Amino acid sequence: MSEHKPRSADVEVAEAYDGAGTTFDFYAQVFGRQSIDNRGMRIDSTVHYGSRFDNALWNGREIVYGDGDGRIFLRFTGSVDVIGHELTHGVTQYTAALGYSGQNGALNEHISDAFARWSSSGSLATPRGRRTGSSARSCSAPL
Ligand SMILES: [Zn+2]
């Protein structure tokens with residue numbers, strides 16, 4: 001799915017597209033930033049990654065979304081907070097170039113969490129996931 005083309009019937013494709021657009025607009029309006037790299041970079045996403053993959057990630061070029069296992073997590077495209085978090089990893093890559101381990105990793109995760117706060121979340125965990133306190137955030141093993 002891309003600009004000026006018909007909308008996808010695939011829910012995850014449409015959500016990833018809309019969430020990336022929301023995040024793109026946020027960075028443009030609040031910081032005057034032109035996409036992730038501030039040079040108008042196209043934002044790509046891969047959805048339906050793996051089988052029941054319980055995470056989303058920024059791989060240095062795009063966001064990759066799992067569908068969740070349906071037991072603990074629902075699809076990751078369903079949370080604009082997750083999308084903002086992952087795209088902020090991209091912004092961090094092109095600005096501070098923080099790594100993903102130790103104090104650099106902790107700062108990297110915190111920056112992504114903080115910048116994703118502007119949007120609401122809460123739709124990611126299933127009722128069972130909320131009861132068991134499952135979280136997409138692991139401070140001991142940040143992604
Ligand atoms: Zn992260």
# chains A, B, ... in the order shown; residues from 1 in each chain; ligands from 1
>>> residues_near_ligand(ligand="ligand 1", cutoff="9 Å", atoms="only C-alpha atoms and all ligand atoms", output="list of chain:residue names")
A:Ala56, A:Leu57, A:Trp58, A:Val82, A:His85, A:Glu86, A:Thr88, A:His89, A:Tyr100, A:Gly105, A:Asn108, A:Glu109, A:His110, A:Ile111, A:Ser112, A:Asp113, A:Arg137, A:Pro142, A:Leu143
>>> select_by_dssp(residues="chain A", states="strand (DSSP E)", output="PyMOL selection string")
chain A and resi 45-49+56-58+63-66
>>> write_last_selection(atoms="N, CA and C atoms", output="PDB file, in the first residue's frame")
ATOM      1  N   SER A  45       7.129  -1.063   5.720  1.00  0.00           N
ATOM      2  CA  SER A  45       6.751  -1.984   6.799  1.00  0.00           C
ATOM      3  C   SER A  45       6.548  -3.371   6.219  1.00  0.00           C
ATOM      4  N   THR A  46       6.865  -4.371   7.018  1.00  0.00           N
ATOM      5  CA  THR A  46       6.528  -5.759   6.703  1.00  0.00           C
ATOM      6  C   THR A  46       5.553  -6.232   7.773  1.00  0.00           C
ATOM      7  N   VAL A  47       4.428  -6.800   7.349  1.00  0.00           N
ATOM      8  CA  VAL A  47       3.439  -7.312   8.295  1.00  0.00           C
ATOM      9  C   VAL A  47       3.333  -8.832   8.151  1.00  0.00           C
ATOM     10  N   HIS A  48       2.688  -9.447   9.113  1.00  0.00           N
ATOM     11  CA  HIS A  48       2.498 -10.907   9.144  1.00  0.00           C
ATOM     12  C   HIS A  48       3.836 -11.643   9.191  1.00  0.00           C
ATOM     13  N   TYR A  49       4.819 -11.038   9.861  1.00  0.00           N
ATOM     14  CA  TYR A  49       6.136 -11.657   9.940  1.00  0.00           C
ATOM     15  C   TYR A  49       6.078 -12.933  10.779  1.00  0.00           C
ATOM     16  N   ALA A  56       7.263  -6.571  17.554  1.00  0.00           N
ATOM     17  CA  ALA A  56       7.495  -5.699  16.405  1.00  0.00           C
ATOM     18  C   ALA A  56       8.888  -5.138  16.591  1.00  0.00           C
ATOM     19  N   LEU A  57       9.527  -4.757  15.510  1.00  0.00           N
ATOM     20  CA  LEU A  57      10.901  -4.267  15.624  1.00  0.00           C
ATOM     21  C   LEU A  57      11.260  -3.346  14.470  1.00  0.00           C
ATOM     22  N   TRP A  58      12.225  -2.497  14.711  1.00  0.00           N
ATOM     23  CA  TRP A  58      12.864  -1.682  13.684  1.00  0.00           C
ATOM     24  C   TRP A  58      14.142  -2.404  13.322  1.00  0.00           C
ATOM     25  N   ILE A  63       9.967  -1.253   9.641  1.00  0.00           N
ATOM     26  CA  ILE A  63       9.352  -1.899  10.805  1.00  0.00           C
ATOM     27  C   ILE A  63       8.866  -3.275  10.373  1.00  0.00           C
ATOM     28  N   VAL A  64       9.057  -4.246  11.230  1.00  0.00           N
ATOM     29  CA  VAL A  64       8.583  -5.605  11.001  1.00  0.00           C
ATOM     30  C   VAL A  64       7.580  -5.923  12.102  1.00  0.00           C
ATOM     31  N   TYR A  65       6.388  -6.347  11.718  1.00  0.00           N
ATOM     32  CA  TYR A  65       5.318  -6.611  12.668  1.00  0.00           C
ATOM     33  C   TYR A  65       4.948  -8.086  12.706  1.00  0.00           C
ATOM     34  N   GLY A  66       4.868  -8.629  13.908  1.00  0.00           N
ATOM     35  CA  GLY A  66       4.286  -9.938  14.083  1.00  0.00           C
ATOM     36  C   GLY A  66       2.780  -9.811  14.253  1.00  0.00           C
TER      37      GLY A  66
END
>>> select_by_dssp(residues="chain A", states="alpha helix (DSSP H)", output="number ranges by chain")
A: 11-31, 80-94, 102-116, 127-131
>>> atom_distance(atom1="atom CA of Glu62 of chain A", atom2="atom CA of Asp44 of chain A")
5.1 Å
>>> closest_residue(among="A:Thr23, A:Asn55, A:Ser2, A:Ser79", to="Asp67 of chain A", atoms="only C-alpha atoms")
A:Asn55
>>> residues_around(residues="Asp54 of chain A", least_positions_apart="6", cutoff="10 Å", atoms="only C-alpha atoms", output="compact mmCIF listing (two decimals) with N, CA and C atoms, in the first residue's frame")
# COMPACT_ATOMS: atom_id res chain seq x y z
N TYR A 65 6.39 -6.35 11.72
CA TYR A 65 5.32 -6.61 12.67
C TYR A 65 4.95 -8.09 12.71
N GLY A 66 4.87 -8.63 13.91
CA GLY A 66 4.29 -9.94 14.08
C GLY A 66 2.78 -9.81 14.25
N ASP A 67 2.11 -10.93 14.08
CA ASP A 67 0.65 -10.94 14.25
C ASP A 67 0.25 -11.19 15.70
N GLY A 68 1.24 -11.49 16.57
CA GLY A 68 0.91 -11.87 17.93
C GLY A 68 0.42 -13.30 17.96
N ASP A 69 0.46 -13.89 19.13
CA ASP A 69 0.04 -15.29 19.23
C ASP A 69 -1.45 -15.43 19.51
N GLY A 70 -2.13 -14.29 19.75
CA GLY A 70 -3.57 -14.33 20.04
C GLY A 70 -3.87 -14.74 21.47
N ARG A 71 -2.86 -15.24 22.16
CA ARG A 71 -3.03 -15.66 23.56
C ARG A 71 -2.62 -14.52 24.48
N ILE A 72 -1.43 -14.01 24.27
CA ILE A 72 -0.90 -12.92 25.08
C ILE A 72 -1.01 -11.59 24.31
N PHE A 73 -0.64 -11.60 23.05
CA PHE A 73 -0.67 -10.38 22.25
C PHE A 73 -1.51 -10.54 21.00
N LEU A 74 -2.20 -9.46 20.68
CA LEU A 74 -2.90 -9.34 19.41
C LEU A 74 -1.91 -8.77 18.40
N ARG A 75 -2.40 -8.51 17.20
CA ARG A 75 -1.52 -7.97 16.15
C ARG A 75 -0.86 -6.67 16.61
N PHE A 76 0.41 -6.49 16.27
CA PHE A 76 1.17 -5.33 16.73
C PHE A 76 0.86 -4.07 15.94
N ALA A 136 4.97 -5.81 26.26
CA ALA A 136 5.87 -5.78 25.12
C ALA A 136 7.22 -5.20 25.52
>>> closest_residue(among="A:Gly90, A:Thr95, A:Gly40, A:Thr77", to="Val11 of chain A", atoms="only C-alpha atoms")
A:Thr77
